[in-house]
>>> print(open('my_file-v8.txt').read())   # compact mmCIF, N, CA and C atoms
# COMPACT_ATOMS: atom_id res chain seq x y z
N MET A 173 -45.34 -119.33 -103.09
CA MET A 173 -44.49 -119.90 -102.07
C MET A 173 -44.88 -119.37 -100.69
N ALA A 174 -45.19 -118.08 -100.59
CA ALA A 174 -45.58 -117.49 -99.31
C ALA A 174 -46.91 -118.06 -98.83
N ASP A 175 -47.82 -118.36 -99.80
CA ASP A 175 -49.11 -118.95 -99.42
C ASP A 175 -48.92 -120.33 -98.80
N THR A 176 -47.98 -121.10 -99.34
CA THR A 176 -47.72 -122.44 -98.80
C THR A 176 -47.20 -122.35 -97.38
N ARG A 177 -46.28 -121.43 -97.10
CA ARG A 177 -45.76 -121.27 -95.74
C ARG A 177 -46.87 -120.84 -94.78
N ARG A 178 -47.69 -119.94 -95.21
CA ARG A 178 -48.79 -119.46 -94.36
C ARG A 178 -49.73 -120.62 -94.02
N GLN A 179 -50.03 -121.46 -95.01
CA GLN A 179 -50.92 -122.60 -94.77
C GLN A 179 -50.28 -123.59 -93.80
N LEU A 180 -48.99 -123.82 -93.94
CA LEU A 180 -48.32 -124.74 -93.03
C LEU A 180 -48.35 -124.22 -91.60
N ARG A 181 -48.08 -122.94 -91.43
CA ARG A 181 -48.09 -122.35 -90.09
C ARG A 181 -49.48 -122.44 -89.46
N SER A 182 -50.52 -122.13 -90.24
CA SER A 182 -51.86 -122.18 -89.67
C SER A 182 -52.26 -123.62 -89.34
N GLY A 183 -51.82 -124.57 -90.13
CA GLY A 183 -52.08 -125.98 -89.83
C GLY A 183 -51.40 -126.41 -88.56
N THR A 184 -50.19 -125.93 -88.34
CA THR A 184 -49.45 -126.26 -87.13
C THR A 184 -50.15 -125.68 -85.91
N VAL A 185 -50.62 -124.47 -86.02
CA VAL A 185 -51.33 -123.83 -84.91
C VAL A 185 -52.60 -124.61 -84.55
N VAL A 186 -53.35 -125.03 -85.57
CA VAL A 186 -54.57 -125.79 -85.34
C VAL A 186 -54.25 -127.12 -84.67
N LEU A 187 -53.25 -127.84 -85.19
CA LEU A 187 -52.89 -129.13 -84.62
C LEU A 187 -52.35 -128.96 -83.20
N GLY A 188 -51.58 -127.93 -82.95
CA GLY A 188 -51.08 -127.67 -81.61
C GLY A 188 -52.21 -127.37 -80.64
N GLY A 189 -53.19 -126.60 -81.09
CA GLY A 189 -54.34 -126.27 -80.26
C GLY A 189 -55.17 -127.50 -79.93
N VAL A 190 -55.33 -128.39 -80.90
CA VAL A 190 -56.08 -129.63 -80.68
C VAL A 190 -55.34 -130.50 -79.66
N GLY A 191 -54.03 -130.55 -79.76
CA GLY A 191 -53.23 -131.32 -78.81
C GLY A 191 -53.36 -130.79 -77.39
N LEU A 192 -53.33 -129.48 -77.25
CA LEU A 192 -53.49 -128.88 -75.93
C LEU A 192 -54.87 -129.16 -75.36
N LEU A 193 -55.89 -129.08 -76.20
CA LEU A 193 -57.25 -129.36 -75.76
C LEU A 193 -57.37 -130.81 -75.31
N ALA A 194 -56.81 -131.73 -76.07
CA ALA A 194 -56.86 -133.15 -75.71
C ALA A 194 -56.14 -133.40 -74.39
N ALA A 195 -54.99 -132.77 -74.19
CA ALA A 195 -54.26 -132.94 -72.94
C ALA A 195 -55.04 -132.39 -71.76
N ALA A 196 -55.69 -131.26 -71.94
CA ALA A 196 -56.48 -130.66 -70.86
C ALA A 196 -57.67 -131.54 -70.50
N LEU A 197 -58.35 -132.07 -71.50
CA LEU A 197 -59.49 -132.94 -71.23
C LEU A 197 -59.06 -134.23 -70.55
N THR A 198 -57.93 -134.78 -70.95
CA THR A 198 -57.43 -135.99 -70.33
C THR A 198 -57.06 -135.74 -68.88
N ALA A 199 -56.42 -134.62 -68.61
CA ALA A 199 -56.03 -134.30 -67.24
C ALA A 199 -57.24 -134.11 -66.34
N CYS A 200 -58.29 -133.53 -66.86
CA CYS A 200 -59.48 -133.30 -66.05
C CYS A 200 -60.23 -134.58 -65.74
N SER A 201 -60.17 -135.55 -66.63
CA SER A 201 -60.97 -136.75 -66.44
C SER A 201 -60.16 -137.96 -66.01
N SER A 202 -58.89 -137.78 -65.69
CA SER A 202 -58.05 -138.93 -65.40
C SER A 202 -58.24 -139.48 -63.99
N ASP A 203 -58.84 -138.75 -63.08
CA ASP A 203 -59.00 -139.20 -61.71
C ASP A 203 -60.45 -139.14 -61.25
N PRO A 204 -61.33 -139.91 -61.86
CA PRO A 204 -62.73 -139.84 -61.44
C PRO A 204 -62.94 -140.42 -60.05
N ASP A 205 -62.00 -141.22 -59.56
CA ASP A 205 -62.15 -141.84 -58.25
C ASP A 205 -61.25 -141.21 -57.20
N LYS A 206 -60.81 -139.97 -57.42
CA LYS A 206 -59.96 -139.25 -56.47
C LYS A 206 -60.85 -138.48 -55.51
N ARG A 207 -60.65 -138.70 -54.23
CA ARG A 207 -61.44 -138.02 -53.20
C ARG A 207 -60.53 -137.45 -52.13
N CYS A 208 -60.92 -136.33 -51.57
CA CYS A 208 -60.18 -135.76 -50.45
C CYS A 208 -60.73 -136.37 -49.17
N VAL A 209 -59.85 -136.92 -48.34
CA VAL A 209 -60.27 -137.54 -47.09
C VAL A 209 -59.47 -136.97 -45.93
N ASP A 210 -60.01 -137.13 -44.73
CA ASP A 210 -59.31 -136.76 -43.50
C ASP A 210 -58.44 -137.95 -43.11
N ARG A 211 -57.12 -137.79 -43.19
CA ARG A 211 -56.19 -138.89 -42.89
C ARG A 211 -56.31 -139.38 -41.44
N ASP A 212 -56.80 -138.54 -40.56
CA ASP A 212 -56.90 -138.90 -39.14
C ASP A 212 -58.25 -139.48 -38.76
N SER A 213 -59.11 -139.77 -39.73
CA SER A 213 -60.48 -140.18 -39.43
C SER A 213 -60.76 -141.65 -39.68
N TYR A 214 -59.73 -142.47 -39.83
CA TYR A 214 -59.96 -143.87 -40.19
C TYR A 214 -60.76 -144.61 -39.12
N THR A 215 -61.78 -145.31 -39.58
CA THR A 215 -62.63 -146.13 -38.71
C THR A 215 -62.68 -147.53 -39.31
N LEU A 216 -62.38 -148.54 -38.50
CA LEU A 216 -62.40 -149.92 -38.97
C LEU A 216 -63.79 -150.26 -39.50
N GLY A 217 -63.84 -150.81 -40.68
CA GLY A 217 -65.11 -151.17 -41.30
C GLY A 217 -65.72 -150.08 -42.16
N LYS A 218 -65.40 -148.83 -41.85
CA LYS A 218 -65.94 -147.71 -42.64
C LYS A 218 -64.88 -147.12 -43.56
N GLY A 219 -63.69 -146.93 -43.05
CA GLY A 219 -62.61 -146.32 -43.82
C GLY A 219 -62.37 -144.88 -43.42
N TYR A 220 -62.03 -144.04 -44.40
CA TYR A 220 -61.71 -142.63 -44.17
C TYR A 220 -62.92 -141.76 -44.48
N LYS A 221 -63.09 -140.70 -43.69
CA LYS A 221 -64.18 -139.76 -43.90
C LYS A 221 -63.85 -138.86 -45.09
N VAL A 222 -64.77 -138.75 -46.04
CA VAL A 222 -64.61 -137.88 -47.20
C VAL A 222 -64.91 -136.45 -46.77
N VAL A 223 -64.00 -135.52 -47.11
CA VAL A 223 -64.15 -134.11 -46.75
C VAL A 223 -64.07 -133.26 -48.01
N SER A 224 -64.28 -131.97 -47.85
CA SER A 224 -64.24 -131.03 -48.98
C SER A 224 -62.86 -131.01 -49.62
N ASP A 225 -62.82 -130.84 -50.95
CA ASP A 225 -61.57 -130.79 -51.69
C ASP A 225 -60.64 -129.68 -51.20
N LYS A 226 -61.19 -128.62 -50.63
CA LYS A 226 -60.33 -127.52 -50.17
C LYS A 226 -59.39 -127.98 -49.06
N ASN A 227 -59.73 -129.07 -48.37
CA ASN A 227 -58.86 -129.59 -47.33
C ASN A 227 -57.62 -130.28 -47.90
N CYS A 228 -57.62 -130.56 -49.18
CA CYS A 228 -56.46 -131.16 -49.84
C CYS A 228 -55.70 -130.16 -50.70
N THR A 229 -56.31 -129.03 -50.99
CA THR A 229 -55.66 -128.04 -51.85
C THR A 229 -55.11 -126.85 -51.09
N SER A 230 -55.51 -126.69 -49.85
CA SER A 230 -55.05 -125.57 -49.04
C SER A 230 -54.28 -126.07 -47.82
N THR A 231 -53.28 -125.31 -47.42
CA THR A 231 -52.52 -125.69 -46.22
C THR A 231 -53.12 -125.06 -44.96
N LYS A 232 -54.10 -124.18 -45.14
CA LYS A 232 -54.68 -123.47 -44.00
C LYS A 232 -56.02 -124.09 -43.59
N THR A 233 -56.01 -125.38 -43.29
CA THR A 233 -57.22 -126.05 -42.85
C THR A 233 -56.93 -126.78 -41.54
N SER A 234 -57.97 -127.10 -40.81
CA SER A 234 -57.80 -127.82 -39.56
C SER A 234 -57.83 -129.34 -39.76
N VAL A 235 -58.08 -129.76 -41.00
CA VAL A 235 -58.18 -131.18 -41.32
C VAL A 235 -56.88 -131.64 -41.98
N ASN A 236 -56.40 -132.82 -41.61
CA ASN A 236 -55.22 -133.40 -42.23
C ASN A 236 -55.67 -134.11 -43.51
N GLY A 237 -55.91 -133.34 -44.55
CA GLY A 237 -56.47 -133.87 -45.79
C GLY A 237 -55.44 -134.51 -46.69
N GLY A 238 -55.90 -135.50 -47.43
CA GLY A 238 -55.05 -136.17 -48.40
C GLY A 238 -55.91 -136.76 -49.51
N TRP A 239 -55.34 -136.85 -50.71
CA TRP A 239 -56.07 -137.43 -51.83
C TRP A 239 -56.07 -138.94 -51.70
N TYR A 240 -57.23 -139.54 -51.85
CA TYR A 240 -57.43 -140.99 -51.72
C TYR A 240 -57.97 -141.50 -53.05
N TYR A 241 -57.31 -142.49 -53.62
CA TYR A 241 -57.64 -142.98 -54.95
C TYR A 241 -58.32 -144.35 -54.86
N GLY A 242 -59.37 -144.51 -55.64
CA GLY A 242 -60.07 -145.78 -55.71
C GLY A 242 -60.95 -146.01 -54.50
N GLY A 243 -61.24 -147.26 -54.25
CA GLY A 243 -62.07 -147.61 -53.12
C GLY A 243 -63.55 -147.46 -53.40
N LYS A 244 -64.31 -147.78 -52.40
CA LYS A 244 -65.77 -147.72 -52.51
C LYS A 244 -66.30 -146.69 -51.53
N LYS A 245 -67.07 -145.75 -52.02
CA LYS A 245 -67.64 -144.71 -51.17
C LYS A 245 -69.00 -145.16 -50.68
N GLU A 246 -69.19 -145.03 -49.36
CA GLU A 246 -70.47 -145.42 -48.77
C GLU A 246 -70.73 -144.58 -47.52
N GLY A 247 -71.82 -143.83 -47.55
CA GLY A 247 -72.22 -143.04 -46.39
C GLY A 247 -71.21 -142.01 -45.92
N GLY A 248 -70.54 -141.34 -46.83
CA GLY A 248 -69.60 -140.29 -46.45
C GLY A 248 -68.21 -140.82 -46.11
N PHE A 249 -68.00 -142.12 -46.26
CA PHE A 249 -66.70 -142.73 -46.01
C PHE A 249 -66.25 -143.46 -47.26
N VAL A 250 -64.95 -143.66 -47.38
CA VAL A 250 -64.40 -144.43 -48.50
C VAL A 250 -63.41 -145.45 -47.94
N ASN A 251 -63.46 -146.65 -48.50
CA ASN A 251 -62.62 -147.73 -48.02
C ASN A 251 -62.15 -148.58 -49.18
N GLY A 252 -60.99 -149.18 -49.06
CA GLY A 252 -60.49 -150.10 -50.06
C GLY A 252 -59.64 -149.47 -51.14
N GLY A 253 -59.22 -148.25 -50.97
CA GLY A 253 -58.38 -147.58 -51.95
C GLY A 253 -56.98 -147.37 -51.42
N SER A 254 -56.34 -146.31 -51.88
CA SER A 254 -54.96 -146.04 -51.49
C SER A 254 -54.66 -144.54 -51.60
N PHE A 255 -53.68 -144.10 -50.84
CA PHE A 255 -53.22 -142.72 -50.95
C PHE A 255 -52.23 -142.56 -52.10
N THR A 256 -51.87 -143.67 -52.73
CA THR A 256 -50.95 -143.66 -53.86
C THR A 256 -51.74 -143.79 -55.15
N LYS A 257 -51.50 -142.89 -56.07
CA LYS A 257 -52.19 -142.93 -57.36
C LYS A 257 -51.65 -144.08 -58.18
N SER A 258 -52.55 -144.94 -58.65
CA SER A 258 -52.11 -146.07 -59.46
C SER A 258 -51.79 -145.60 -60.87
N ARG A 259 -50.87 -146.29 -61.50
CA ARG A 259 -50.51 -145.97 -62.88
C ARG A 259 -51.25 -146.93 -63.78
N LYS A 260 -52.34 -146.45 -64.34
CA LYS A 260 -53.18 -147.28 -65.20
C LYS A 260 -52.47 -147.57 -66.51
N GLY A 261 -52.65 -148.80 -67.00
CA GLY A 261 -52.09 -149.16 -68.29
C GLY A 261 -50.60 -149.37 -68.27
N SER A 262 -50.04 -149.71 -67.11
CA SER A 262 -48.60 -149.88 -67.04
C SER A 262 -48.14 -151.16 -67.73
N GLY A 263 -49.04 -152.15 -67.86
CA GLY A 263 -48.71 -153.33 -68.63
C GLY A 263 -47.94 -154.38 -67.89
N GLY A 264 -47.75 -154.27 -66.62
CA GLY A 264 -47.05 -155.33 -65.91
C GLY A 264 -46.63 -154.87 -64.55
N SER A 265 -45.91 -155.76 -63.88
CA SER A 265 -45.44 -155.42 -62.55
C SER A 265 -43.94 -155.31 -62.57
N GLY A 266 -43.39 -154.87 -61.49
CA GLY A 266 -41.95 -154.70 -61.39
C GLY A 266 -41.65 -153.39 -60.72
N SER A 267 -40.37 -153.10 -60.60
CA SER A 267 -39.98 -151.91 -59.86
C SER A 267 -40.39 -150.63 -60.57
N HIS A 268 -40.56 -150.67 -61.87
CA HIS A 268 -40.95 -149.47 -62.61
C HIS A 268 -42.42 -149.47 -62.97
N GLY A 269 -43.15 -150.55 -62.70
CA GLY A 269 -44.56 -150.61 -63.01
C GLY A 269 -44.85 -150.79 -64.48
N GLY A 270 -43.87 -151.18 -65.26
CA GLY A 270 -44.08 -151.35 -66.68
C GLY A 270 -43.12 -152.38 -67.24
N ILE A 271 -43.03 -152.44 -68.52
CA ILE A 271 -42.15 -153.39 -69.17
C ILE A 271 -40.78 -152.76 -69.34
N ASP A 272 -39.75 -153.47 -68.90
CA ASP A 272 -38.39 -152.98 -69.05
C ASP A 272 -37.79 -153.68 -70.25
N ARG A 273 -37.55 -152.94 -71.30
CA ARG A 273 -37.05 -153.53 -72.53
C ARG A 273 -35.53 -153.45 -72.65
N GLY A 274 -34.87 -153.04 -71.60
CA GLY A 274 -33.42 -152.91 -71.69
C GLY A 274 -33.03 -151.62 -72.37
N GLY A 275 -31.85 -151.59 -72.91
CA GLY A 275 -31.40 -150.38 -73.60
C GLY A 275 -30.44 -149.59 -72.76
N PHE A 276 -30.06 -148.45 -73.25
CA PHE A 276 -29.08 -147.61 -72.58
C PHE A 276 -29.56 -147.19 -71.20
N GLY A 277 -28.77 -147.46 -70.19
CA GLY A 277 -29.09 -147.04 -68.84
C GLY A 277 -30.10 -147.92 -68.12
N SER A 278 -30.46 -149.07 -68.68
CA SER A 278 -31.47 -149.91 -68.05
C SER A 278 -30.91 -150.76 -66.93
N GLY A 279 -29.60 -150.98 -66.92
CA GLY A 279 -29.00 -151.80 -65.88
C GLY A 279 -28.98 -153.27 -66.22
N HIS A 280 -29.61 -153.69 -67.31
CA HIS A 280 -29.63 -155.08 -67.73
C HIS A 280 -28.55 -155.33 -68.76
N GLY A 281 -28.02 -156.52 -68.74
CA GLY A 281 -27.04 -156.88 -69.75
C GLY A 281 -25.65 -156.34 -69.49
N LYS A 282 -25.39 -155.88 -68.27
CA LYS A 282 -24.05 -155.39 -67.94
C LYS A 282 -23.12 -156.57 -67.77
N SER A 283 -21.93 -156.43 -68.24
CA SER A 283 -20.96 -157.47 -68.02
C SER A 283 -20.14 -157.12 -66.79
N GLY A 284 -19.85 -158.12 -66.00
CA GLY A 284 -19.08 -157.90 -64.78
C GLY A 284 -17.63 -157.63 -65.07
N GLY A 285 -16.95 -157.01 -64.11
CA GLY A 285 -15.52 -156.83 -64.38
C GLY A 285 -14.97 -155.69 -63.77
>>> encode(input="my_file-v8.txt", output="structure tokens")
Amino acid sequence: MADTRRQLRSGTVVLGGVGLLAAALTACSSDPDKRCVDRDSYTLGKGYKVVSDKNCTSTKTSVNGGWYYGGKKEGGFVNGGSFTKSRKGSGGSGSHGGIDRGGFGSGHGKSGG
């Protein structure tokens, strides 16, 4: 009986570790098109100037850095993206960016009164 418990615990640890590894890998690769740009550098036709990532991760820089998602990078500039991270795989449009199936707290199907 003790051997069975030990095996279950070790299996749980292995599965938990695999889950953490998968989450870490997904987090690292989820933004391949994320670039740090100077928000004050917009040029018509070129877009925003791409700067070092430290300008977006530190508050002690002289550049007004911000993360810019998507767009096309050309010659040190990026254009056609957004400062808002898109939610990939949302499955539709709407105020929540996904499918609203109703249910508790959804706001749909309320009767007036």
>>> atom_distance(input="my_file-v8.txt", atom1="CA of Ser213 in chain A", atom2="CA of Arg259 in chain A")
26.1 Å
>>> residues_around(input="my_file-v8.txt", residues="Val223 in chain A", least_positions_apart="4", cutoff="6 Å", atoms="only N, CA and C atoms", output="ChimeraX atom specification")
/A:208-210
>>> atom_distance(input="my_file-v8.txt", atom1="CA of Thr233 in chain A", atom2="atom C of Arg211 in chain A")
13.4 Å
>>> atom_distance(input="my_file-v8.txt", atom1="atom N of Val250 in chain A", atom2="CA of Lys218 in chain A")
6.3 Å
>>> closest_residue(input="my_file-v8.txt", among="A:Ser258, A:Val235, A:Tyr240, A:Gly248", to="Asp212 in chain A", atoms="only C-alpha atoms")
A:Val235
>>> residues_around(input="my_file-v8.txt", residues="Asp225 in chain A", least_positions_apart="6", cutoff="10 Å", atoms="only C-alpha atoms", output="VMD selection string")
chain A and resid 206 to 209 237 to 239
>>> write_last_selection(input="my_file-v8.txt", atoms="N, CA and C atoms", output="PDB file, in the coordinates of the input")
ATOM      1  N   LYS A 206     -60.810-139.970 -57.420  1.00  0.00           N
ATOM      2  CA  LYS A 206     -59.960-139.250 -56.470  1.00  0.00           C
ATOM      3  C   LYS A 206     -60.850-138.480 -55.510  1.00  0.00           C
ATOM      4  N   ARG A 207     -60.650-138.700 -54.230  1.00  0.00           N
ATOM      5  CA  ARG A 207     -61.440-138.020 -53.200  1.00  0.00           C
ATOM      6  C   ARG A 207     -60.530-137.450 -52.130  1.00  0.00           C
ATOM      7  N   CYS A 208     -60.920-136.330 -51.570  1.00  0.00           N
ATOM      8  CA  CYS A 208     -60.180-135.760 -50.450  1.00  0.00           C
ATOM      9  C   CYS A 208     -60.730-136.370 -49.170  1.00  0.00           C
ATOM     10  N   VAL A 209     -59.850-136.920 -48.340  1.00  0.00           N
ATOM     11  CA  VAL A 209     -60.270-137.540 -47.090  1.00  0.00           C
ATOM     12  C   VAL A 209     -59.470-136.970 -45.930  1.00  0.00           C
ATOM     13  N   GLY A 237     -55.910-133.340 -44.550  1.00  0.00           N
ATOM     14  CA  GLY A 237     -56.470-133.870 -45.790  1.00  0.00           C
ATOM     15  C   GLY A 237     -55.440-134.510 -46.690  1.00  0.00           C
ATOM     16  N   GLY A 238     -55.900-135.500 -47.430  1.00  0.00           N
ATOM     17  CA  GLY A 238     -55.050-136.170 -48.400  1.00  0.00           C
ATOM     18  C   GLY A 238     -55.910-136.760 -49.510  1.00  0.00           C
ATOM     19  N   TRP A 239     -55.340-136.850 -50.710  1.00  0.00           N
ATOM     20  CA  TRP A 239     -56.070-137.430 -51.830  1.00  0.00           C
ATOM     21  C   TRP A 239     -56.070-138.940 -51.700  1.00  0.00           C
TER      22      TRP A 239
END
>>> residues_around(input="my_file-v8.txt", residues="Lys244 in chain A", least_positions_apart="2", cutoff="12 Å", atoms="only C-alpha atoms", output="MDAnalysis selection string")
chainID A and resid 205:207 217:222 240:242 246:254
